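Engineer: Below is a structure I'd like to ask you about.
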Amino acid sequence: MRNPWAQTGNYRTSYAQDTTIFFNYREILSVGLLLVALCLLPLFLERSQVLVLNFILIYAIAVLGLNITTGYAGLISVGQAAFMGVGAYTVALSAPSLPFWLTIPLGGLVAALAGFLVGIPSLRVKHLYLALATLAFQEIFVWVVGRSPALAQGSAIPVEMRNFLGLEITFRNHNYFWYYVILFVLVVLVVAWRNLLRGKYGRALIAVRDNDRAADAMGMDPGRTKLFAFALGAFYGGVAGGLLAYMQRAVVVEEFTLVRSVALLAMAIVGGLGTVVGSILGPAFIEFLRLGVERLSEWMKANPFIQSITPAGVDVASALLPLSFGLVIVLFLMFEPRGLYNWWRLVRSYFRNWPFRY
Amino acid sequence: MDLAQNLISGVAVGCIYALAALGFVLIYKSSRVINFANGQLIAIGAFLAYALAVWVGLPVLLAMLLAMLLTAGLGFLVERFFLRRLVGQPIISVIMVTIGLASVLDGLMYLTPFGSGNFTFPQFLPPGGLNLGGVSISYPQLLAIGFTVVFLLIFGWFFQRSILGIAMRAVADDQMASMSLGVSVEKVFALAWAVAGLAAASAGIVVGAVSGLNQDGLIAIGLAVFPAVILGGLDSVPGAVVGGIVIGILQSLSTAYLDGLLAQVGLVGGGSQYAVPFVVLLIMLWFKPHGLFGTEEIERV
Amino acid sequence: MKRAMTLALAVTIGLLGLVLAQGRTVTLLWSGAITGPTSDVGGPYAAGIEDYCRYANEQRLIPNVTLNCIVRDDQYQNPNTQRILEEALDRSKPAIYLGYSTGAMLQLKPLIQEVKLPTIPASAHIGLIDPPNNQYFFLPVSSYSEQVVALMEYINRSEKNARIALVVNPSPFGRAVVDHARRAAQRLGQTIVDVREVGGGNLDNTALLRALDAAGAQYIIHQNVAGPVANILKDAKRLGLDRKIKQMGAVYTGGSDLIRLAGDAAEGYLWASSYYTLDENTPGIALQRQLATRYNRSADILNSTNYTAGMLAAAIAIEAMKRAAQRFSGRIDNDTVYQSIIGMNGPNAFKPGFAVSTKAGIEIDFTRSEQTGAEGLRVLEVRGGKFVPITDPFTSALFRQVRNP
């Protein structure tokens with residue numbers, strides 16, 4: 001091969017090359033640079049801005065999981081928040097006796113078990129019916145938590161970690177500390193995601209999603225494949241929930257309701273289903289949209305002219321949030337169904353092929 | 001006597017679910033779309049009726065009729081402008097569009113005073129209810145049962161006798177074949193959404209009459225419908241009614257008998273009526289996923 | 001680019017905040033559900049805070065100080081609540097925080113303890129002022145638990161050994177009262193026959209009411225919002241159980257919404273509330289009427305107890321700021337405001353006229369350890385479509401005994 005740094009197109013000639021994690025050396029370099037930039041980013045941000053990043057990264061982990069179940073296996077899940085909840089409550093119950101680097105994976109495992117159980121109908125039914133199984137799980141989860149005295153009936157269970165290897169964690173550095181933890185977990189999980197899905201297993205999922213009977217005929221077991229996807233997706237959700245529990249210092253059940261599940265699904269769609277980049281761009285887009293709309297609402301509320309033209313009893317500013325959230329979903333689906341990932345791809349291929357057009 | 005009363009109350013509530021489920025099933029039957037914006041259609045139907053009756057000052061019954069027609073129009077427009085563009089897209093996209101639409105409709109409701117607060121229809125039914133041999137049923141509940149019967153009769157006639165209804169059944173059965181036979185699939189989809197709007201509005205009006213109008217409460221009915229439709233079979237109109245009624249009865253019975261039992265096993269506070277429908281849903285999915293009346297999909301390679 | 005812009009914007013806002021602070025602007029922060037679940041409570045509550053703030057600025061209630069009242073919609077989502085609070089901590093440095101939902105407030109307790117920010121939540125969950133991390137929380141009126149225990153004491157006045165059923169909202173908000181009610185029942189010799197959770201969308205309550213009747217309940221005490229209670233009242237009337245079972249409830253069950261929703265069926269319903277009604281002529285209620293007219297509020301908002309509640313919370317906060325300015329030579333921050341809140345007692349108690357006074361004539365008072373403002377409450381009854389007080393203001397003595405066993 002010619003100078004690998006000067007590649008301007010697709011030079012892949014074998015299956016092995018096609019399944020590599022990185023496309024070329026430039027990509028390795030840019031990912032490395034991105035990581036360095038992400039590590040340095042908090043130095044330039046206020047505490048509350050780091051909080052926003054933390055939420056985005058936590059949602060990104062949950063959306064990565066959703067992208068296995070929904071993106072790869074094609075099973076719509078409206079229960080990802082409940083899986084987050086399973087992880088969060090596992091963390092809340094085990095945090096007093098275990099360190100956080102054990103409780104968080106444990107939360108993921110318990111959530112995976114829940115995902116396995118919820119996925120059982122996938123051995124028999126397809127597509128839409130499974131969406132309803134996840135819906136049922138979501139509702140039952142909230143109900144059971146609300147009735148369990150051991151889980152404080154959904155009221156707050158504190159999850160406090162004040163000290164890590166001698167480092168005192170206070171209000172001042174709490175967000176920064178968890179930023180690095182979350183970033184680390186995200187990187188590990190992204191690598192795992194890529195590794196798992198670029199090979200045989202990922203192809204099996206795609207095959208099952210696109211035509212499960214054909215996949216069956218070729219010797220794959222669609223039921224088992226889907227079940228595994230469910231458990232894996234739930235694992236990611238559980239880890240995200242565990243991180244959220246530490247980040248918010250307490251677990252309350254209201255965090256893990258259907259509204260959150262739907263929001264996560266929207267993030268996955270907007271980002272682009274079945275992609276790593278989309279799993280991060282989607283949550284970022286939705287959260288920045290929320291911030292932007294909130295700022296617009298504040299401005300509208302303070303603006304006397306806008307106040308004077310709106311009739312009494314009508315709160316335009318408050319209506320903007322649900323309106324913009326819904327419109328973004330609808331417009332993306334109608335005009336850019338491949339999501340933000342597609343924009344990213346176009347930009348990237350422009351640079352990759354530069355100075356040629358294609 | 002208690003049992004009879006609980007059954008009757010369950011049937012009354014079940015009829016409300018049935019009304020809400022009818023439109024849902026129609027949409028699924030014709031276009032395989034799960035409509036997550038059903039609750040919003042229910043709410044908008046109820047609020048339109050309130051606005052027409054109270055703000056415009058129309059007689060209540062006329063306002064309700066008009067609200068049902070307007071909501072039907074809204075359903076038609078939603079299909080025309082949003083869903084039709086997605087024909088041929090993966091089904092996930094279409095379902096997600098209904099989730100997005102739900103949020104858009106929420107936002108639109110916040111633009112009106114209905115976004116927060118509680119409202120009540122002007123009194124159009126006598127207060128209280130009928131009492132037959134110790135079994136009591138309120139007038140709004142009777143209205144729910146009445147609406148359900150009327151809709152069922154109309155739908156029955158429509159699907160068995162009218163050309164459009166037969167076309168709808170044909171499309172539901174085999175989209176390709178009916179297209180090649182000259183059935184306008186688009187027309188059928190639009191009609192399904194319009195009728196769904198109509199049924200949703202009627203459910204909203206009944207809920208409004210029973211318990212007042214509150215945006216969250218009305219939208220929640222849209223969610224309560226899922227267990228009913230899975231039980232009855234996603235694509236069966238009689239199934240929706242039977243499913244709705246069975247779920248209604250189960251809720252009533254679980255409040256009467258199950259709550260006490262749960263307290264003994266450590267689940268405090270009762271409220272099993274909120275969980276039982278979803279447990280039924282899961283059990284159905286495990287053992288009889290196509291419901292009591294749904295068509296089993298037979299796949300050919 | 002976007003990030004750079006956000007950063008630039010943030011810096012500008014931060015600088016702006018700094019400049020304004022030097023121009024004697026003090027920040028009061030509230031975030032709650034203006035949209036989303038419970039917005040029927042949050043909407044009027046927010047309006048009360050906004051209006052009282054505007055009034056305070058127009059009247060220059062705190063000399064030489066302009067109030068910057070941040071009133072924001074968190075859609076009842078805890079991450080939003082947390083972000084809005086932390087943003088304010090970074091930028092506008094609020095001197096006092098008016099919170100909202102039970103869940104978010106319970107979740108934020110450790111953070112609030114750490115940043116020492118005095119907090120007046122709309123939720124009157126007793127867990128907020130119980131340890132740990134409770135030092136900076138102040139409830140404007142008596143807690144839900146105290147209201148329910150007070151109702152039980154009221155029952156005990158006329159009927160000994162009563163059999164009572166609790167119907168609560170399926171949320172931490174509703175469940176807050178159950179333990180205290182059980183303990184109080186034991187002391188009073190009453191029996192809690194059943195505890196049921198009922199939320200919105202309760203289309204039929206026949207089975208519930210029959211079950212409670214069969215269990216021998218003579219009274220139902222509600223801890224809920226108006227909607228579910230109204231449905232239960234209507235069904236009870238239809239079933240003829242309204243004469244057999246007397247129903248009553250804590251502060252968020254009652255008010256104009258309940259009467260509008262339940263109509264005739266609300267007659268005879270008992271309501272524990274610390275607030276004055278709109279029919280009473282007190283300075284606070286007169287101010288409420290005046291401000292609602294001045295700022296074009298709808299009749300629905302004017303009639304809402306939650307509008308009164310929002311005003312009371314804002315009034316306490318602004319009074320505390322004013323006293324902080326007087327006592328600490330103009331320094332108004334979280335520390336001085338905290339000091340003036342816990343000094344709000346005895347001759348320094350605060351009397352805005354939104355809530356009833358106890359026998360000693362004290363309306364709102366706080367100390368370091370007594371974190372409840374208006375400890376007096378009355379039982380009101382619906383008569384002829386209106387809530388009418390039927391008791392003098394009283395304080396639940398029993399609640400103080402059963403609060404921490």
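By convention in this document, the chains of the structure tokens carry letters A, B, ... by their order, each chain's residues are numbered from 1, and ligands are numbered from 1 in the order they are shown.
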Could you please tell me, as a list in words, which residues of chain C have an atom within 6 Å of chain B when using only C-alpha atoms?
Structural biologist: Ser39, Asp40, Val195, Arg196, Glu197, Gly200, Gly201, Ala207, Leu208, Ala211, Asn231, Arg238 and Leu261 of chain C
Engineer: Quick one: DSSP alpha helix (DSSP H) residues in segment 103-139 of chain C, as number ranges by chain?
Structural biologist: C: 103-115
Engineer: Using only C-alpha atoms, what does the table of chain B residues within 6 Å of chain A look like, with each row giving the shortest atom pair and its distance in Å to one decimal, sorted by chain and ascending number, as a Markdown table?
Structural biologist:
```
| residue | atom | partner | partner_atom | distance |
| --- | --- | --- | --- | --- |
| B:Val97 | CA | A:Val330 | CA | 5.2 |
| B:Gly100 | CA | A:Gly326 | CA | 4.1 |
| B:Leu101 | CA | A:Gly326 | CA | 5.9 |
| B:Ser103 | CA | A:Gly326 | CA | 4.6 |
| B:Val104 | CA | A:Leu323 | CA | 4.5 |
| B:Gly107 | CA | A:Leu323 | CA | 4.4 |
| B:Tyr110 | CA | A:Ala319 | CA | 4.9 |
| B:Leu111 | CA | A:Val316 | CA | 5.7 |
| B:Thr112 | CA | A:Val314 | CA | 5.8 |
| B:Pro113 | CA | A:Val314 | CA | 5.8 |
| B:Leu267 | CA | A:Arg147 | CA | 5.1 |
| B:Val268 | CA | A:Arg147 | CA | 5.3 |
| B:Ala275 | CA | A:Ile140 | CA | 5.8 |
| B:Phe278 | CA | A:Ala136 | CA | 4.9 |
| B:Leu282 | CA | A:Ala133 | CA | 5.9 |
| B:Leu285 | CA | A:Pro121 | CA | 5.9 |
| B:Trp286 | CA | A:Pro121 | CA | 5.1 |
```
Engineer: Please identify every residue of chain A that has at least one atom no farther than 6 Å from an atom of chain C, counting only C-alpha atoms, and for each give the shortest atom pair and the distance in Å to one decimal, arranged by chain then increasing number, as JSON lines.
Structural biologist:
```
{"residue": "A:Ser48", "atom": "CA", "partner": "C:Glu87", "partner_atom": "CA", "distance": 5.1}
{"residue": "A:Ser155", "atom": "CA", "partner": "C:Pro172", "partner_atom": "CA", "distance": 5.1}
{"residue": "A:Ala156", "atom": "CA", "partner": "C:Gln107", "partner_atom": "CA", "distance": 5.8}
{"residue": "A:Ala250", "atom": "CA", "partner": "C:Gln107", "partner_atom": "CA", "distance": 5.3}
```
Engineer: Grab the atom CA of Gly73 of chain B to atom CA of Phe151 of chain B distance for me, in Å with one decimal place.
Structural biologist: 17.8 Å
Engineer: Running DSSP on the backbone, which parts of segment 41-221 of chain B land in strand (DSSP E), as a list of chain:residue names?
Structural biologist: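 Matching residues, listed in order: B:Gly129, B:Leu130, B:Asn131, B:Leu132, B:Val135, B:Ser136, B:Ile137, B:Ser138.
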Engineer: Quote the spacing between atom CA of Arg84 of chain B and atom CA of Ser184 of chain B in Å to one decimal place.
Structural biologist: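 About the pair atom CA of Arg84 of chain B and atom CA of Ser184 of chain B: they are 12.8 Å apart.
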Engineer: Find the residues near Met311 of chain C: any atom within 8 Å, counting only C-alpha atoms, skip ones fewer than 5 places away on the same chain, and give them as a ChimeraX atom specification.
Structural biologist: /C:45,48-49,51-52,288
Engineer: Hey, can you spit out that residue selection with C-alpha atoms as a compact mmCIF listing (two decimals), in the first residue's frame?
Structural biologist:
```txt
# COMPACT_ATOMS: atom_id res chain seq x y z
CA TYR C 45 -47.54 29.14 41.96
CA GLY C 48 -47.66 34.25 42.48
CA ILE C 49 -43.88 34.49 42.71
CA ASP C 51 -46.23 39.02 40.61
CA TYR C 52 -44.97 39.45 44.14
CA GLN C 288 -53.43 39.12 45.97
```
Engineer: Rounded to one decimal in Å, what is the spacing between atom CA of Arg249 of chain A and atom CA of Pro158 of chain A?
Structural biologist: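 The value is 5.9 Å.
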Engineer: Tell me which protein, DNA and RNA residues are within 9 Å of segment 195-201 of chain B, counting only C-alpha atoms, leaving out same-chain ones fewer than 5 positions away, and put them as number ranges by chain.
Structural biologist: B: 19-27, 38-46, 48-49, 64, 67-76, 151, 190, 206, 222
Engineer: Any chance you could export the current selection's C-alpha atoms as a PDB file, in the first residue's frame?
Structural biologist:
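Here's the written file out26.pdb:
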```
ATOM      1  CA  LEU B  19     -63.508   3.948  22.469  1.00  0.00           C
ATOM      2  CA  ALA B  20     -59.922   5.096  22.790  1.00  0.00           C
ATOM      3  CA  ALA B  21     -58.702   1.789  21.372  1.00  0.00           C
ATOM      4  CA  LEU B  22     -60.954   1.798  18.306  1.00  0.00           C
ATOM      5  CA  GLY B  23     -59.081   4.516  16.478  1.00  0.00           C
ATOM      6  CA  PHE B  24     -55.774   3.008  17.451  1.00  0.00           C
ATOM      7  CA  VAL B  25     -56.754  -0.361  16.024  1.00  0.00           C
ATOM      8  CA  LEU B  26     -58.073   1.166  12.812  1.00  0.00           C
ATOM      9  CA  ILE B  27     -54.753   2.853  12.139  1.00  0.00           C
ATOM     10  CA  ASN B  38     -53.564   8.760  20.357  1.00  0.00           C
ATOM     11  CA  GLY B  39     -53.670  10.310  23.832  1.00  0.00           C
ATOM     12  CA  GLN B  40     -53.093  13.751  22.336  1.00  0.00           C
ATOM     13  CA  LEU B  41     -55.963  13.262  19.888  1.00  0.00           C
ATOM     14  CA  ILE B  42     -58.157  12.303  22.842  1.00  0.00           C
ATOM     15  CA  ALA B  43     -57.156  15.447  24.714  1.00  0.00           C
ATOM     16  CA  ILE B  44     -57.611  17.731  21.721  1.00  0.00           C
ATOM     17  CA  GLY B  45     -61.067  16.299  21.023  1.00  0.00           C
ATOM     18  CA  ALA B  46     -62.158  16.944  24.590  1.00  0.00           C
ATOM     19  CA  LEU B  48     -62.308  21.359  21.347  1.00  0.00           C
ATOM     20  CA  ALA B  49     -65.674  20.282  22.709  1.00  0.00           C
ATOM     21  CA  MET B  64     -69.416  17.611  20.971  1.00  0.00           C
ATOM     22  CA  ALA B  67     -65.484  18.615  18.101  1.00  0.00           C
ATOM     23  CA  MET B  68     -65.558  15.019  16.891  1.00  0.00           C
ATOM     24  CA  LEU B  69     -65.684  16.160  13.281  1.00  0.00           C
ATOM     25  CA  LEU B  70     -62.886  18.680  13.820  1.00  0.00           C
ATOM     26  CA  THR B  71     -60.687  16.063  15.449  1.00  0.00           C
ATOM     27  CA  ALA B  72     -61.413  13.778  12.526  1.00  0.00           C
ATOM     28  CA  GLY B  73     -60.205  16.618  10.314  1.00  0.00           C
ATOM     29  CA  LEU B  74     -57.054  16.908  12.415  1.00  0.00           C
ATOM     30  CA  GLY B  75     -56.415  13.191  12.017  1.00  0.00           C
ATOM     31  CA  PHE B  76     -56.843  13.569   8.278  1.00  0.00           C
ATOM     32  CA  PHE B 151     -69.509   3.066  17.209  1.00  0.00           C
ATOM     33  CA  ALA B 190     -56.418   9.101   5.344  1.00  0.00           C
ATOM     34  CA  VAL B 206     -66.596  10.836  27.752  1.00  0.00           C
ATOM     35  CA  GLY B 222     -53.839   6.965  25.395  1.00  0.00           C
TER      36      GLY B 222
END
```
Engineer: Which residues are near Val148 of chain C? Cut-off 10 Å, only C-alpha atoms, ignore same chain within fewer than 6 positions. Put them as a compact mmCIF listing (two decimals) with C-alpha atoms, in the first residue's frame.
Structural biologist:
```
# COMPACT_ATOMS: atom_id res chain seq x y z
CA TYR C 154 -60.12 17.11 64.39
CA LEU C 166 -55.99 6.95 53.70
CA VAL C 177 -47.96 11.14 55.20
CA VAL C 178 -48.61 7.44 55.68
CA HIS C 180 -47.07 9.70 60.58
CA ALA C 181 -50.76 8.99 60.16
CA ALA C 184 -50.93 9.32 65.21
CA ILE C 221 -58.28 11.32 54.44
CA HIS C 222 -56.78 12.30 51.09
CA GLN C 223 -53.22 13.34 50.34
CA MET C 248 -61.25 15.30 53.90
CA GLY C 249 -57.77 16.10 52.75
CA ALA C 250 -54.51 18.01 52.92
CA VAL C 251 -53.63 21.29 51.25
CA TRP C 271 -59.86 20.70 53.95
CA ALA C 272 -56.83 21.39 56.12
CA SER C 396 -51.22 19.95 65.90
CA PHE C 399 -47.76 15.79 65.33
```
Engineer: Excluding same-chain residues fewer than 4 positions from segment 135-138 of chain C, what lies within 7 Å of it counting only C-alpha atoms, as a ChimeraX atom specification?
Structural biologist: /C:113,116-120,128-129,371-372
Engineer: As an mmCIF file with C-alpha atoms, in the first residue's frame, please: the residues near Phe256 of chain A (cut-off 6 Å, only C-alpha atoms, same-chain neighbours under 2 positions excluded).
Structural biologist:
```
data_model
loop_
_atom_site.group_PDB
_atom_site.id
_atom_site.type_symbol
_atom_site.label_atom_id
_atom_site.label_comp_id
_atom_site.auth_asym_id
_atom_site.auth_seq_id
_atom_site.Cartn_x
_atom_site.Cartn_y
_atom_site.Cartn_z
ATOM 1 C CA ALA A 81 -35.167 4.494 31.114
ATOM 2 C CA ALA A 82 -36.464 1.597 33.200
ATOM 3 C CA GLY A 85 -33.515 2.711 36.732
ATOM 4 C CA VAL A 253 -37.970 7.067 40.524
ATOM 5 C CA GLU A 254 -39.152 10.104 38.564
#
```
Engineer: Return the single residue from A:Val78, A:Thr275, A:Gly154, A:Ala245 that is closest to Ile99 of chain B, with distances computed using only C-alpha atoms.
Structural biologist: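 Closest to Ile99 of chain B of all the choices is A:Val78.
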